[in-house]
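Structure, as structure tokens:
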Protein chains: 2
Amino acid sequence: MLESRVPSPEAGKVIAVANVDELKEISRDLRVDIIQMLVEAGSGHPGGSLSAIDALTCLYFGGILNYRANEPHWPDRDRFVLSKGHCSPAMYTVLARAGFFPHDWLKTFRKFESRLQGHVDRIRVPGVEASSGSLGQGLSIAVGMAIASKLDKASWRVYCMLGDGESQAGQVWEATMSAPKFALDNLCAIVDNNQVQQTGKVTDIMDLSPLAEKFRAFNWHAIEVDGHDLAAVDEALAEATATADGRPTAVVARTVKGKGVKAVEDRNGFHGKPIADAAAALAELGADRIPELDARPLPPPADGKPHRFATGGGTLPTWPVGEEVPTRRAYGQALAALGSVRGDVVALDGEVSDSTFAKVFADAHPERFFEMFIAEQQMVAAAVGMQARGWVPFASTFAAFLTRAYDFIRMASISRADIRLVGSHAGVSIGQDGPSQMGLEDLAALRAVHGSTVLYPCDANSTAKLVEIMADLRGVSYLRTTRGATPVLYEAGEAFEPGGSKLVRGGGAGDQVTLIGAGITLHEAVKAADALAAEGIRARVVDLYSVKPVDVTAIVDAAAATGHIVTAEDHHPEGGLGDAVLDALAEAGETPRVTKLAVRIMPGSGTPAELLADAGIDAAAIAAAARRHLGAS
Amino acid sequence: MLESRVPSPEAGKVIAVANVDELKEISRDLRVDIIQMLVEAGSGHPGGSLSAIDALTCLYFGGILNYRANEPHWPDRDRFVLSKGHCSPAMYTVLARAGFFPHDWLKTFRKFESRLQGHVDRIRVPGVEASSGSLGQGLSIAVGMAIASKLDKASWRVYCMLGDGESQAGQVWEATMSAPKFALDNLCAIVDNNQVQQTGKVTDIMDLSPLAEKFRAFNWHAIEVDGHDLAAVDEALAEATATADGRPTAVVARTVKGKGVKAVEDRNGFHGKPIADAAAALAELGADRIPELDARPLPPPADGKPHRFATGGGTLPTWPVGEEVPTRRAYGQALAALGSVRGDVVALDGEVSDSTFAKVFADAHPERFFEMFIAEQQMVAAAVGMQARGWVPFASTFAAFLTRAYDFIRMASISRADIRLVGSHAGVSIGQDGPSQMGLEDLAALRAVHGSTVLYPCDANSTAKLVEIMADLRGVSYLRTTRGATPVLYEAGEAFEPGGSKLVRGGGAGDQVTLIGAGITLHEAVKAADALAAEGIRARVVDLYSVKPVDVTAIVDAAAATGHIVTAEDHHPEGGLGDAVLDALAEAGETPRVTKLAVRIMPGSGTPAELLADAGIDAAAIAAAARRHLGAS
């Protein structure tokens, strides 16, 4: 097979090899590189790199993978995702050999300020398509990329290398179940089945066999192959390319951990440890030379021009002040409208689209709505995969169920992915369904993600504006929506932005206390202010719709003006809106008296009003706290 | 089969039925109950309850499940976990019929202060073994229970009913892969394969077929059956009981959503909606009566006496002041020692036991160590399942990878489960491995869990003491450990407790600034205090080893004494130690000036010292912040 598939002429620095002997020579050189890197670094994972290197050699130098090393962002390149991210030495040495970066970068592996970290990093290393290091996520992201290729109406393919150990992770099977649904015959998973994981033999720890049978039961085409037989691997990868019946292909490569170095071959206890006698290992490989390749400067990435959907135009929906609209509905309507003016917006949902109102988008733009099923991890990973191709994904489910994907969200921030998450049914105000359906930890979890934006609008018009803005935000952004209908407070023309807030009541020098809420509690704060006004107490009300970043100026001004702040949030007391306010005050050195109202109980079922009262975050509780501050109770 | 298996004589209020007709009558009555409940509540899920009720009828009234309704905590009962928690009406009506609680409770379904919430709740409802509502978790918890039965050397079995839709969730397959490894032939999964989920037909959304084939590829015994043929279901369940070759059994029950009520049978769009014409539905079922059963008061739960391991005795390890010991190693050694004095302690690990040092426990007590593989969700769920039987599980992995199980941790708190989580390799101080391996969100995530305890000791002696204390803590408790060695600060006899703190430097009236740290940053704070002392600045240093609950008194005293607080944490700035301090001050109405040092960057690889400095949380950064406060820079 090798001879028959010459890399396409436009494929940049693909090293075309016409015979297996040349590939063997390359894989030998790469093994030498790997050992040198680990010696230089003094730490790292030799075994898994040595087991995987032959398959990688086939992929990159056997004419399988289409790429341009001097144009790493070439739009039509095939994508390769290294899911077993701790085998970064194998990846780095392949990329250096292929010319993605100078070979002497390898010496900086795992050092401070090096681009070559312990686990592969998308931003710092040309040729890396997804940051990895949390095992079992790569295939899920590859599914997203393969969907993006189909969306692009492109012919580029996606390859993902998994370890066998990480295939114990459930979301590998979430991904495996998803891929045939989307007919991703452009996806190929390569399992480096080296049978040894960190603490022992895979068969002892958890036998994965029959592994190929598992893929087949999940409707994949599966091929078993000797992973060190370069011709056989090449043939299997070619068979994957030829499989065009909607089925993805799994190549289960039987390999030997540490292959090529007798001292570590197939032995436990060498996970994460460099080889003790590197000189002997190098001699064993016949390495009388350190492979050297020309270092050359990399050109700046060329951005591709992916397919975009035709747009019909239109404007964002607006609602008259006073109309009662759930913000979740406003989200769906705004997103559908946004899809009509932007050809790059796509939507995903975790099988609750009639609850999150992603259904409105799905109805308007069925060709770019993705039902990701009850598989929130796969949903977030698919969004990460799609955005890598320039798509603008919005992924929605209940706020509570985004916790299922928290590791994926964390890793998305490490990949510097631009994804938009939407959590509906937040807080006790959902009512009867009970605590399992209430997002009461989502603000804390999402705020703690590096570089995130957390938005929690209280009415339909602000929701629509923020949805429009989210499309252009970088990093992980999160919109929290409310189940029940709330009155529209803002005129259609009002401006909103991350880091902003709105003054809803008061604002003058005579304000005695500041009430801060967002989403459902903003309306409770307004009612509280009205009640207090009837008693002659002047309350300022701030809509802190941007929970991260927060409007420090507005908070500090309010603190300075009133000296008393009451915050209220439909969320547990840790890490949410109240903490954001306290943090802003601390940063500014401002020291008003603050009362934080939050859900301190384990709620049950009930009506929204009953539950807001029971949690002590309704208008009555807010007003009572304000009175306590002012000694007016 | 039905006739041959009469409930055991000691099985309390099992309604023995000798023929299928009687079972049919019961399931008819239960359908009437379900419809009545939904009408009364005005909301809820009819379809899935009606498809599941026949299998539940077989389980509870066909002599399959061993239980005592008047003794719901009877130790030798079989366990049933309803994973599809939104089908609570079916569950409640079965439990009422079986006599677990008075029939008239059904009228309170989904109402404020009712025990019968929208999704089943373990604490409030006798007969419910696990709270559910986040789909796809039940089988994972059932795996833990089945392990507990084996630990108990008991013969009771575990049954779990899943929906087909939720089988799209990856962790269902994580559980499926785990069960045969532990030879759980005492486990039976029943899939209510009704082919309709919230937004449409399962085959349209994501075809699960070949479902039985999938279970077989995961080494289960699988049986396909008509889920409304009571005799066939009963036979399948009996076959499951008879399967004793180490394989768990999956009964894939082909059912019809809404079965029994033509208006909703097998139709989309009725998920979560009560039946419009209830009178017609009831007439269709031939319900000329509302089933009534005697209501009777329930006796208090009887606690069982499970098997406990023999213990060899011994004492907790201690270390001399000044010795350099990683707290993760102290965790492993302390846990092993605890196992020697307590026969109820068990340990689980996510395949990094040589890194978390759970390996020390595994070596000492191999018969109660559980390698849960790279499957953190299953690990946490298994801990939930084990604690339900009185075991005291400690589950460890890298702090970063606990994020993978965040939804399970959240649900554990809703189940009021007592589980102990241990996250190692927290923060940038891990060094070279890069950000994917650093837990920088764990404190925020764990603090936001209702009723949680969050501990972050800085030395070996305090770690050992806290491990001992955790064994008796209620709810979700979390211990954060450090990768690198840190000097022992405390004498072996010192006391530590949740909500406590330690004064490490200063304490007198002349203190000018307070430095608060925990874990790795406590040592940086000490170094900073020493540097400041050399400049004549007297700093108080507080070890806030209990991040939740925090020692409000110590924080308030420090604020009052010094007026200046600098916090430092190896964690992103949101929701961690700094926010805990700000919250304590706000609660107390204390208003010192506070500077929060935290990891505000996306870290890379490097040495621990380089990364602590780069993040601005090392001794130099802490001292500089203190000087800024005092105008001494």
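Following the order of the structure tokens, chains are lettered A, B, ..., residues in each are numbered from 1, and ligands are numbered from 1.
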
**At most 6 Å to chain B: residues in chain A, only C-alpha atoms, as a PyMOL selection string** = chain A and resi 110-112+117-118+133+166+168-171+173-174+213-214+217+374-375+403-404+406-407+432-434+436+441+444-445+448+574-575+586+589+591+593-594+605-606

**Prompt:** Using the chain letters and numbers from this document, which residues of stretch 43-81 of chain B does DSSP assign to alpha helix (DSSP H), as number ranges by chain?
**Reply:** B: 46-61

C-alpha atoms of the current selection, written as a CSV table (one decimal), in the first residue's frame:
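out-v2.csv, freshly written:
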```csv
chain,number,residue,atom,x,y,z
B,46,PRO,CA,-46.1,9.8,32.4
B,47,GLY,CA,-44.5,8.0,29.5
B,48,GLY,CA,-41.4,6.6,31.1
B,49,SER,CA,-43.3,5.6,34.2
B,50,LEU,CA,-45.9,3.7,32.2
B,51,SER,CA,-43.2,1.9,30.2
B,52,ALA,CA,-41.3,0.9,33.3
B,53,ILE,CA,-44.1,-0.2,35.5
B,54,ASP,CA,-44.4,-3.8,34.3
B,55,ALA,CA,-40.7,-4.6,35.0
B,56,LEU,CA,-41.0,-2.8,38.4
B,57,THR,CA,-44.1,-4.9,39.1
B,58,CYS,CA,-42.2,-8.1,38.4
B,59,LEU,CA,-39.3,-6.9,40.6
B,60,TYR,CA,-41.4,-5.9,43.6
B,61,PHE,CA,-44.4,-8.2,43.4
```

**Message:** Using DSSP assignments from the backbone, pull out every residue in stretch 49-193 of chain A that falls under strand (DSSP E or B) and give it to me as JSON, numbers by chain.
**Reply:** {"A": [79, 80, 81, 82, 158, 159, 160, 161, 162, 163, 187, 188, 189, 190, 191, 192, 193]}

**Message:** as JSON, numbers by chain, please: the residues near A:Gly506 (cut-off 7 Å, only C-alpha atoms, same-chain neighbours under 5 positions excluded).
**Reply:** {"A": [511, 539, 540, 541]}

**Asked** How far is it from atom CA of A:Thr521 to atom CA of A:Tyr478, in Å with one decimal?
**Response**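 Separation of atom CA of A:Thr521 and atom CA of A:Tyr478: 18.1 Å.
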
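In this model, the gap between atom CA of B:Leu316 and atom CA of B:Lys465 comes to 7.9 Å.
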
**Prompt:** Restricting the calculation to only C-alpha atoms, which member of B:Thr249, B:Thr108, B:Ser88, B:Thr486 is positioned closest to B:Val321?
**Reply:**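 Comparing B:Thr249, B:Thr108, B:Ser88, B:Thr486 against B:Val321, the winner is B:Thr486.
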
**B:Gln333 environment, 9 Å, only C-alpha atoms, sequence neighbours closer than 6 positions dropped, as an MDAnalysis selection string** = chainID B and resid 316:317 357:358 360:361 464

**Request:** Go through A:Gly332, A:Gly385, A:Gly258, A:Pro498 and flag the residue nearest A:Val158, using only C-alpha atoms for the distances.
**Result:** A:Gly385

**Request:** Please provide as a ChimeraX atom specification all residues within 12 Å of A:Lys150, with the sequence filter that same-chain residues fewer than 2 positions apart are discarded (counting only C-alpha atoms).
**Result:** /A:143-148,152-158,182-187,246,306-308,367-368,386,389
